[in-house]
Amino acid sequence: MEARLVLPVSVEQVAVVVRQMSRADRERLLDLVPDLHQIARQAGRGRLDEGTAAVERARTEVTQALAGRRLSLDEPFLGELTLGQYLRLPDQERGRLWDDWGQVDLEDLEELDVRPAALPAR
């Protein structure tokens with residue numbers, strides 16, 4: 001059994017020190033403690049797998065809801081944008097919009113009941 005050194009500081013205190021390190025020092029720390037690099041890679045891969053699974057579930061649900069019908073580029077998409085307008089945006093602008101939309105607390109939105117054939121007001 002491997003003996004472990006008990007530090008007189010908490011992991012949170014170590015994290016504060018690491019955050020204050022320069023990038024070069026953090027890279028050196030990864031060289032000195034290669035387990036950290038492997039743990040970070042495995043954690044990232046797990047989040048990627050979870051994200052991929054979530055996207056696939058959403059794609060399946062949308063495909064089923066559309067019953068194979070393709071969306072028109074004139075279809076209202078997000079906010080005031082049609083699907084075509086959204087698709088023509090540069091990636092940087094799309095990213096900014098998603099960042100903005102990500103700040104919205106879904107609990108603050110009012111839920112409305114609508115008929116399946118309802119069209120949005122223009």
# chains A, B, ... in the order shown; residues from 1 in each chain; ligands from 1

call {"tool": "residues_around", "arguments": {"residues": "Ser72 of chain A", "least_positions_apart": "4", "cutoff": "9 Å", "atoms": "only C-alpha atoms", "output": "ChimeraX atom specification"}}
result
/A:76,82-84

call {"tool": "write_last_selection", "arguments": {"atoms": "N, CA and C atoms", "output": "PDB file, in the first residue's frame"}}
result
ATOM      1  N   PRO A  76     -39.777  30.351 -38.721  1.00  0.00           N
ATOM      2  CA  PRO A  76     -39.247  31.007 -37.514  1.00  0.00           C
ATOM      3  C   PRO A  76     -38.373  30.012 -36.752  1.00  0.00           C
ATOM      4  N   THR A  82     -35.283  33.748 -38.666  1.00  0.00           N
ATOM      5  CA  THR A  82     -35.749  32.555 -39.384  1.00  0.00           C
ATOM      6  C   THR A  82     -34.572  31.574 -39.429  1.00  0.00           C
ATOM      7  N   LEU A  83     -34.860  30.347 -39.816  1.00  0.00           N
ATOM      8  CA  LEU A  83     -33.798  29.357 -39.926  1.00  0.00           C
ATOM      9  C   LEU A  83     -32.745  29.815 -40.938  1.00  0.00           C
ATOM     10  N   GLY A  84     -33.184  30.358 -42.059  1.00  0.00           N
ATOM     11  CA  GLY A  84     -32.242  30.815 -43.085  1.00  0.00           C
ATOM     12  C   GLY A  84     -31.348  31.936 -42.584  1.00  0.00           C
TER      13      GLY A  84
END

call {"tool": "atom_distance", "arguments": {"atom1": "atom CA of Leu71 of chain A", "atom2": "atom CA of Asp105 of chain A"}}
result
27.1 Å

call {"tool": "residues_around", "arguments": {"residues": "Glu27 of chain A", "least_positions_apart": "5", "cutoff": "12 Å", "atoms": "only C-alpha atoms", "output": "ChimeraX atom specification"}}
result
/A:18,21-22,32-34,36-37

call {"tool": "select_by_dssp", "arguments": {"residues": "chain A", "states": "helix (DSSP H, G or I)", "output": "PDB file with N, CA and C atoms, in the first residue's frame"}}
result
ATOM      1  N   VAL A  11      -7.638  20.958  -0.506  1.00  0.00           N
ATOM      2  CA  VAL A  11      -7.575  20.931  -1.971  1.00  0.00           C
ATOM      3  C   VAL A  11      -8.005  22.297  -2.525  1.00  0.00           C
ATOM      4  N   GLU A  12      -8.982  22.921  -1.879  1.00  0.00           N
ATOM      5  CA  GLU A  12      -9.440  24.239  -2.322  1.00  0.00           C
ATOM      6  C   GLU A  12      -8.316  25.269  -2.238  1.00  0.00           C
ATOM      7  N   GLN A  13      -7.497  25.185  -1.196  1.00  0.00           N
ATOM      8  CA  GLN A  13      -6.374  26.104  -1.062  1.00  0.00           C
ATOM      9  C   GLN A  13      -5.338  25.853  -2.156  1.00  0.00           C
ATOM     10  N   VAL A  14      -5.114  24.589  -2.471  1.00  0.00           N
ATOM     11  CA  VAL A  14      -4.190  24.251  -3.562  1.00  0.00           C
ATOM     12  C   VAL A  14      -4.741  24.805  -4.873  1.00  0.00           C
ATOM     13  N   ALA A  15      -6.059  24.695  -5.083  1.00  0.00           N
ATOM     14  CA  ALA A  15      -6.681  25.197  -6.312  1.00  0.00           C
ATOM     15  C   ALA A  15      -6.475  26.698  -6.454  1.00  0.00           C
ATOM     16  N   VAL A  16      -6.563  27.432  -5.358  1.00  0.00           N
ATOM     17  CA  VAL A  16      -6.342  28.880  -5.398  1.00  0.00           C
ATOM     18  C   VAL A  16      -4.919  29.166  -5.870  1.00  0.00           C
ATOM     19  N   VAL A  17      -3.973  28.428  -5.356  1.00  0.00           N
ATOM     20  CA  VAL A  17      -2.573  28.621  -5.750  1.00  0.00           C
ATOM     21  C   VAL A  17      -2.394  28.291  -7.229  1.00  0.00           C
ATOM     22  N   VAL A  18      -2.987  27.181  -7.681  1.00  0.00           N
ATOM     23  CA  VAL A  18      -2.846  26.772  -9.083  1.00  0.00           C
ATOM     24  C   VAL A  18      -3.440  27.838 -10.003  1.00  0.00           C
ATOM     25  N   ARG A  19      -4.604  28.394  -9.629  1.00  0.00           N
ATOM     26  CA  ARG A  19      -5.230  29.430 -10.464  1.00  0.00           C
ATOM     27  C   ARG A  19      -4.353  30.670 -10.595  1.00  0.00           C
ATOM     28  N   GLN A  20      -3.525  30.914  -9.613  1.00  0.00           N
ATOM     29  CA  GLN A  20      -2.666  32.106  -9.646  1.00  0.00           C
ATOM     30  C   GLN A  20      -1.364  31.856 -10.391  1.00  0.00           C
ATOM     31  N   ARG A  23       0.611  30.204 -17.016  1.00  0.00           N
ATOM     32  CA  ARG A  23       0.341  29.034 -17.865  1.00  0.00           C
ATOM     33  C   ARG A  23       1.551  28.112 -17.908  1.00  0.00           C
ATOM     34  N   ALA A  24       2.743  28.695 -18.013  1.00  0.00           N
ATOM     35  CA  ALA A  24       3.961  27.887 -18.063  1.00  0.00           C
ATOM     36  C   ALA A  24       4.128  27.062 -16.790  1.00  0.00           C
ATOM     37  N   ASP A  25       3.824  27.663 -15.635  1.00  0.00           N
ATOM     38  CA  ASP A  25       3.928  26.925 -14.372  1.00  0.00           C
ATOM     39  C   ASP A  25       2.890  25.804 -14.304  1.00  0.00           C
ATOM     40  N   ARG A  26       1.679  26.064 -14.817  1.00  0.00           N
ATOM     41  CA  ARG A  26       0.655  25.013 -14.808  1.00  0.00           C
ATOM     42  C   ARG A  26       1.066  23.862 -15.714  1.00  0.00           C
ATOM     43  N   GLU A  27       1.646  24.187 -16.874  1.00  0.00           N
ATOM     44  CA  GLU A  27       2.126  23.129 -17.772  1.00  0.00           C
ATOM     45  C   GLU A  27       3.236  22.327 -17.095  1.00  0.00           C
ATOM     46  N   ARG A  28       4.106  23.018 -16.371  1.00  0.00           N
ATOM     47  CA  ARG A  28       5.183  22.331 -15.633  1.00  0.00           C
ATOM     48  C   ARG A  28       4.577  21.420 -14.560  1.00  0.00           C
ATOM     49  N   LEU A  29       3.507  21.891 -13.890  1.00  0.00           N
ATOM     50  CA  LEU A  29       2.836  21.071 -12.889  1.00  0.00           C
ATOM     51  C   LEU A  29       2.291  19.790 -13.519  1.00  0.00           C
ATOM     52  N   LEU A  30       1.720  19.907 -14.716  1.00  0.00           N
ATOM     53  CA  LEU A  30       1.222  18.712 -15.410  1.00  0.00           C
ATOM     54  C   LEU A  30       2.362  17.749 -15.742  1.00  0.00           C
ATOM     55  N   ASP A  31       3.542  18.303 -16.063  1.00  0.00           N
ATOM     56  CA  ASP A  31       4.701  17.441 -16.311  1.00  0.00           C
ATOM     57  C   ASP A  31       5.125  16.721 -15.034  1.00  0.00           C
ATOM     58  N   LEU A  32       5.025  17.417 -13.912  1.00  0.00           N
ATOM     59  CA  LEU A  32       5.442  16.843 -12.638  1.00  0.00           C
ATOM     60  C   LEU A  32       4.418  15.854 -12.073  1.00  0.00           C
ATOM     61  N   PRO A  34       1.770  13.763 -13.904  1.00  0.00           N
ATOM     62  CA  PRO A  34       1.098  13.333 -15.141  1.00  0.00           C
ATOM     63  C   PRO A  34      -0.302  12.766 -14.900  1.00  0.00           C
ATOM     64  N   ASP A  35      -0.589  12.269 -13.703  1.00  0.00           N
ATOM     65  CA  ASP A  35      -1.936  11.768 -13.408  1.00  0.00           C
ATOM     66  C   ASP A  35      -2.985  12.849 -13.620  1.00  0.00           C
ATOM     67  N   LEU A  36      -2.641  14.103 -13.319  1.00  0.00           N
ATOM     68  CA  LEU A  36      -3.596  15.202 -13.497  1.00  0.00           C
ATOM     69  C   LEU A  36      -3.995  15.342 -14.961  1.00  0.00           C
ATOM     70  N   HIS A  37      -3.023  15.205 -15.832  1.00  0.00           N
ATOM     71  CA  HIS A  37      -3.294  15.327 -17.267  1.00  0.00           C
ATOM     72  C   HIS A  37      -4.220  14.207 -17.732  1.00  0.00           C
ATOM     73  N   GLN A  38      -3.968  12.996 -17.276  1.00  0.00           N
ATOM     74  CA  GLN A  38      -4.804  11.854 -17.670  1.00  0.00           C
ATOM     75  C   GLN A  38      -6.214  12.000 -17.115  1.00  0.00           C
ATOM     76  N   ILE A  39      -6.342  12.432 -15.867  1.00  0.00           N
ATOM     77  CA  ILE A  39      -7.663  12.634 -15.265  1.00  0.00           C
ATOM     78  C   ILE A  39      -8.432  13.685 -16.045  1.00  0.00           C
ATOM     79  N   ALA A  40      -7.769  14.780 -16.416  1.00  0.00           N
ATOM     80  CA  ALA A  40      -8.429  15.850 -17.172  1.00  0.00           C
ATOM     81  C   ALA A  40      -8.893  15.340 -18.533  1.00  0.00           C
ATOM     82  N   ARG A  41      -8.059  14.540 -19.197  1.00  0.00           N
ATOM     83  CA  ARG A  41      -8.449  13.994 -20.499  1.00  0.00           C
ATOM     84  C   ARG A  41      -9.651  13.072 -20.377  1.00  0.00           C
ATOM     85  N   GLN A  42      -9.653  12.217 -19.368  1.00  0.00           N
ATOM     86  CA  GLN A  42     -10.766  11.287 -19.181  1.00  0.00           C
ATOM     87  C   GLN A  42     -12.044  12.040 -18.838  1.00  0.00           C
ATOM     88  N   ALA A  43     -11.936  13.062 -18.012  1.00  0.00           N
ATOM     89  CA  ALA A  43     -13.123  13.857 -17.652  1.00  0.00           C
ATOM     90  C   ALA A  43     -13.663  14.571 -18.882  1.00  0.00           C
ATOM     91  N   GLY A  44     -12.778  15.112 -19.704  1.00  0.00           N
ATOM     92  CA  GLY A  44     -13.205  15.796 -20.924  1.00  0.00           C
ATOM     93  C   GLY A  44     -13.873  14.847 -21.896  1.00  0.00           C
ATOM     94  N   ARG A  45     -13.329  13.650 -22.017  1.00  0.00           N
ATOM     95  CA  ARG A  45     -13.908  12.649 -22.918  1.00  0.00           C
ATOM     96  C   ARG A  45     -15.302  12.265 -22.426  1.00  0.00           C
ATOM     97  N   GLY A  46     -15.468  12.147 -21.120  1.00  0.00           N
ATOM     98  CA  GLY A  46     -16.778  11.802 -20.564  1.00  0.00           C
ATOM     99  C   GLY A  46     -17.800  12.888 -20.852  1.00  0.00           C
ATOM    100  N   ARG A  47     -17.395  14.162 -20.711  1.00  0.00           N
ATOM    101  CA  ARG A  47     -18.317  15.263 -21.004  1.00  0.00           C
ATOM    102  C   ARG A  47     -18.654  15.301 -22.485  1.00  0.00           C
ATOM    103  N   LEU A  48     -17.672  14.998 -23.332  1.00  0.00           N
ATOM    104  CA  LEU A  48     -17.918  14.966 -24.770  1.00  0.00           C
ATOM    105  C   LEU A  48     -18.908  13.863 -25.108  1.00  0.00           C
ATOM    106  N   ASP A  49     -18.728  12.686 -24.498  1.00  0.00           N
ATOM    107  CA  ASP A  49     -19.654  11.577 -24.737  1.00  0.00           C
ATOM    108  C   ASP A  49     -21.059  11.945 -24.283  1.00  0.00           C
ATOM    109  N   GLU A  50     -21.191  12.596 -23.120  1.00  0.00           N
ATOM    110  CA  GLU A  50     -22.501  13.016 -22.618  1.00  0.00           C
ATOM    111  C   GLU A  50     -23.132  14.035 -23.563  1.00  0.00           C
ATOM    112  N   GLY A  51     -22.324  14.977 -24.046  1.00  0.00           N
ATOM    113  CA  GLY A  51     -22.836  15.992 -24.968  1.00  0.00           C
ATOM    114  C   GLY A  51     -23.287  15.382 -26.279  1.00  0.00           C
ATOM    115  N   THR A  52     -22.502  14.449 -26.797  1.00  0.00           N
ATOM    116  CA  THR A  52     -22.856  13.778 -28.048  1.00  0.00           C
ATOM    117  C   THR A  52     -24.157  13.004 -27.885  1.00  0.00           C
ATOM    118  N   ALA A  53     -24.311  12.328 -26.756  1.00  0.00           N
ATOM    119  CA  ALA A  53     -25.547  11.569 -26.503  1.00  0.00           C
ATOM    120  C   ALA A  53     -26.746  12.515 -26.399  1.00  0.00           C
ATOM    121  N   ALA A  54     -26.559  13.661 -25.742  1.00  0.00           N
ATOM    122  CA  ALA A  54     -27.653  14.637 -25.604  1.00  0.00           C
ATOM    123  C   ALA A  54     -28.054  15.191 -26.966  1.00  0.00           C
ATOM    124  N   VAL A  55     -27.070  15.492 -27.804  1.00  0.00           N
ATOM    125  CA  VAL A  55     -27.366  16.005 -29.145  1.00  0.00           C
ATOM    126  C   VAL A  55     -28.113  14.954 -29.952  1.00  0.00           C
ATOM    127  N   GLU A  56     -27.701  13.711 -29.846  1.00  0.00           N
ATOM    128  CA  GLU A  56     -28.359  12.637 -30.601  1.00  0.00           C
ATOM    129  C   GLU A  56     -29.799  12.446 -30.123  1.00  0.00           C
ATOM    130  N   ARG A  57     -30.036  12.530 -28.803  1.00  0.00           N
ATOM    131  CA  ARG A  57     -31.402  12.437 -28.280  1.00  0.00           C
ATOM    132  C   ARG A  57     -32.256  13.583 -28.810  1.00  0.00           C
ATOM    133  N   ALA A  58     -31.702  14.800 -28.793  1.00  0.00           N
ATOM    134  CA  ALA A  58     -32.455  15.957 -29.284  1.00  0.00           C
ATOM    135  C   ALA A  58     -32.751  15.806 -30.773  1.00  0.00           C
ATOM    136  N   ARG A  59     -31.771  15.343 -31.546  1.00  0.00           N
ATOM    137  CA  ARG A  59     -31.965  15.144 -32.990  1.00  0.00           C
ATOM    138  C   ARG A  59     -33.086  14.142 -33.248  1.00  0.00           C
ATOM    139  N   THR A  60     -33.097  13.062 -32.482  1.00  0.00           N
ATOM    140  CA  THR A  60     -34.134  12.038 -32.635  1.00  0.00           C
ATOM    141  C   THR A  60     -35.508  12.604 -32.300  1.00  0.00           C
ATOM    142  N   GLU A  61     -35.602  13.358 -31.193  1.00  0.00           N
ATOM    143  CA  GLU A  61     -36.883  13.939 -30.789  1.00  0.00           C
ATOM    144  C   GLU A  61     -37.395  14.933 -31.833  1.00  0.00           C
ATOM    145  N   VAL A  62     -36.505  15.763 -32.358  1.00  0.00           N
ATOM    146  CA  VAL A  62     -36.915  16.754 -33.364  1.00  0.00           C
ATOM    147  C   VAL A  62     -37.347  16.045 -34.642  1.00  0.00           C
ATOM    148  N   THR A  63     -36.595  15.043 -35.060  1.00  0.00           N
ATOM    149  CA  THR A  63     -36.938  14.296 -36.272  1.00  0.00           C
ATOM    150  C   THR A  63     -38.311  13.648 -36.128  1.00  0.00           C
ATOM    151  N   GLN A  64     -38.584  13.070 -34.962  1.00  0.00           N
ATOM    152  CA  GLN A  64     -39.890  12.458 -34.727  1.00  0.00           C
ATOM    153  C   GLN A  64     -40.994  13.512 -34.721  1.00  0.00           C
ATOM    154  N   ALA A  65     -40.728  14.655 -34.092  1.00  0.00           N
ATOM    155  CA  ALA A  65     -41.738  15.719 -34.020  1.00  0.00           C
ATOM    156  C   ALA A  65     -42.050  16.279 -35.405  1.00  0.00           C
ATOM    157  N   LEU A  66     -41.049  16.318 -36.278  1.00  0.00           N
ATOM    158  CA  LEU A  66     -41.262  16.852 -37.628  1.00  0.00           C
ATOM    159  C   LEU A  66     -41.818  15.794 -38.580  1.00  0.00           C
ATOM    160  N   LEU A  83     -34.860  30.347 -39.816  1.00  0.00           N
ATOM    161  CA  LEU A  83     -33.798  29.357 -39.926  1.00  0.00           C
ATOM    162  C   LEU A  83     -32.745  29.815 -40.938  1.00  0.00           C
ATOM    163  N   GLY A  84     -33.184  30.358 -42.059  1.00  0.00           N
ATOM    164  CA  GLY A  84     -32.242  30.815 -43.085  1.00  0.00           C
ATOM    165  C   GLY A  84     -31.348  31.936 -42.584  1.00  0.00           C
ATOM    166  N   GLN A  85     -31.931  32.911 -41.876  1.00  0.00           N
ATOM    167  CA  GLN A  85     -31.131  34.009 -41.328  1.00  0.00           C
ATOM    168  C   GLN A  85     -30.093  33.473 -40.340  1.00  0.00           C
ATOM    169  N   TYR A  86     -30.529  32.549 -39.493  1.00  0.00           N
ATOM    170  CA  TYR A  86     -29.610  31.973 -38.514  1.00  0.00           C
ATOM    171  C   TYR A  86     -28.452  31.253 -39.213  1.00  0.00           C
ATOM    172  N   LEU A  87     -28.773  30.434 -40.219  1.00  0.00           N
ATOM    173  CA  LEU A  87     -27.738  29.664 -40.909  1.00  0.00           C
ATOM    174  C   LEU A  87     -26.757  30.547 -41.667  1.00  0.00           C
ATOM    175  N   ARG A  88     -27.180  31.742 -42.060  1.00  0.00           N
ATOM    176  CA  ARG A  88     -26.284  32.659 -42.780  1.00  0.00           C
ATOM    177  C   ARG A  88     -25.374  33.460 -41.845  1.00  0.00           C
ATOM    178  N   ASP A  91     -20.085  32.085 -37.734  1.00  0.00           N
ATOM    179  CA  ASP A  91     -19.982  31.240 -36.532  1.00  0.00           C
ATOM    180  C   ASP A  91     -19.818  32.071 -35.262  1.00  0.00           C
ATOM    181  N   GLN A  92     -19.051  33.146 -35.347  1.00  0.00           N
ATOM    182  CA  GLN A  92     -18.809  33.987 -34.176  1.00  0.00           C
ATOM    183  C   GLN A  92     -20.118  34.606 -33.666  1.00  0.00           C
ATOM    184  N   GLU A  93     -20.965  35.049 -34.584  1.00  0.00           N
ATOM    185  CA  GLU A  93     -22.251  35.641 -34.205  1.00  0.00           C
ATOM    186  C   GLU A  93     -23.186  34.574 -33.630  1.00  0.00           C
ATOM    187  N   ARG A  94     -23.190  33.394 -34.229  1.00  0.00           N
ATOM    188  CA  ARG A  94     -23.998  32.296 -33.682  1.00  0.00           C
ATOM    189  C   ARG A  94     -23.562  31.987 -32.249  1.00  0.00           C
ATOM    190  N   GLY A  95     -22.245  31.925 -32.036  1.00  0.00           N
ATOM    191  CA  GLY A  95     -21.719  31.658 -30.701  1.00  0.00           C
ATOM    192  C   GLY A  95     -22.157  32.719 -29.704  1.00  0.00           C
ATOM    193  N   ARG A  96     -22.141  33.988 -30.121  1.00  0.00           N
ATOM    194  CA  ARG A  96     -22.561  35.071 -29.237  1.00  0.00           C
ATOM    195  C   ARG A  96     -24.035  34.929 -28.877  1.00  0.00           C
ATOM    196  N   LEU A  97     -24.864  34.594 -29.884  1.00  0.00           N
ATOM    197  CA  LEU A  97     -26.290  34.410 -29.619  1.00  0.00           C
ATOM    198  C   LEU A  97     -26.525  33.274 -28.630  1.00  0.00           C
ATOM    199  N   TRP A  98     -25.841  32.151 -28.827  1.00  0.00           N
ATOM    200  CA  TRP A  98     -26.020  31.021 -27.911  1.00  0.00           C
ATOM    201  C   TRP A  98     -25.545  31.378 -26.507  1.00  0.00           C
ATOM    202  N   ASP A  99     -24.462  32.161 -26.413  1.00  0.00           N
ATOM    203  CA  ASP A  99     -24.010  32.609 -25.095  1.00  0.00           C
ATOM    204  C   ASP A  99     -25.085  33.458 -24.430  1.00  0.00           C
ATOM    205  N   ASP A 100     -25.683  34.368 -25.206  1.00  0.00           N
ATOM    206  CA  ASP A 100     -26.760  35.214 -24.668  1.00  0.00           C
ATOM    207  C   ASP A 100     -27.950  34.371 -24.238  1.00  0.00           C
ATOM    208  N   TRP A 101     -28.373  33.444 -25.100  1.00  0.00           N
ATOM    209  CA  TRP A 101     -29.533  32.615 -24.797  1.00  0.00           C
ATOM    210  C   TRP A 101     -29.245  31.688 -23.615  1.00  0.00           C
ATOM    211  N   GLY A 102     -27.979  31.304 -23.453  1.00  0.00           N
ATOM    212  CA  GLY A 102     -27.608  30.436 -22.342  1.00  0.00           C
ATOM    213  C   GLY A 102     -27.733  31.115 -20.989  1.00  0.00           C
ATOM    214  N   LEU A 106     -34.534  29.388 -17.529  1.00  0.00           N
ATOM    215  CA  LEU A 106     -35.751  28.799 -18.083  1.00  0.00           C
ATOM    216  C   LEU A 106     -36.923  28.871 -17.107  1.00  0.00           C
ATOM    217  N   GLU A 107     -36.633  28.936 -15.828  1.00  0.00           N
ATOM    218  CA  GLU A 107     -37.692  29.053 -14.823  1.00  0.00           C
ATOM    219  C   GLU A 107     -38.408  30.402 -14.920  1.00  0.00           C
ATOM    220  N   ASP A 108     -37.738  31.410 -15.500  1.00  0.00           N
ATOM    221  CA  ASP A 108     -38.329  32.745 -15.626  1.00  0.00           C
ATOM    222  C   ASP A 108     -39.233  32.876 -16.846  1.00  0.00           C
TER     223      ASP A 108
END
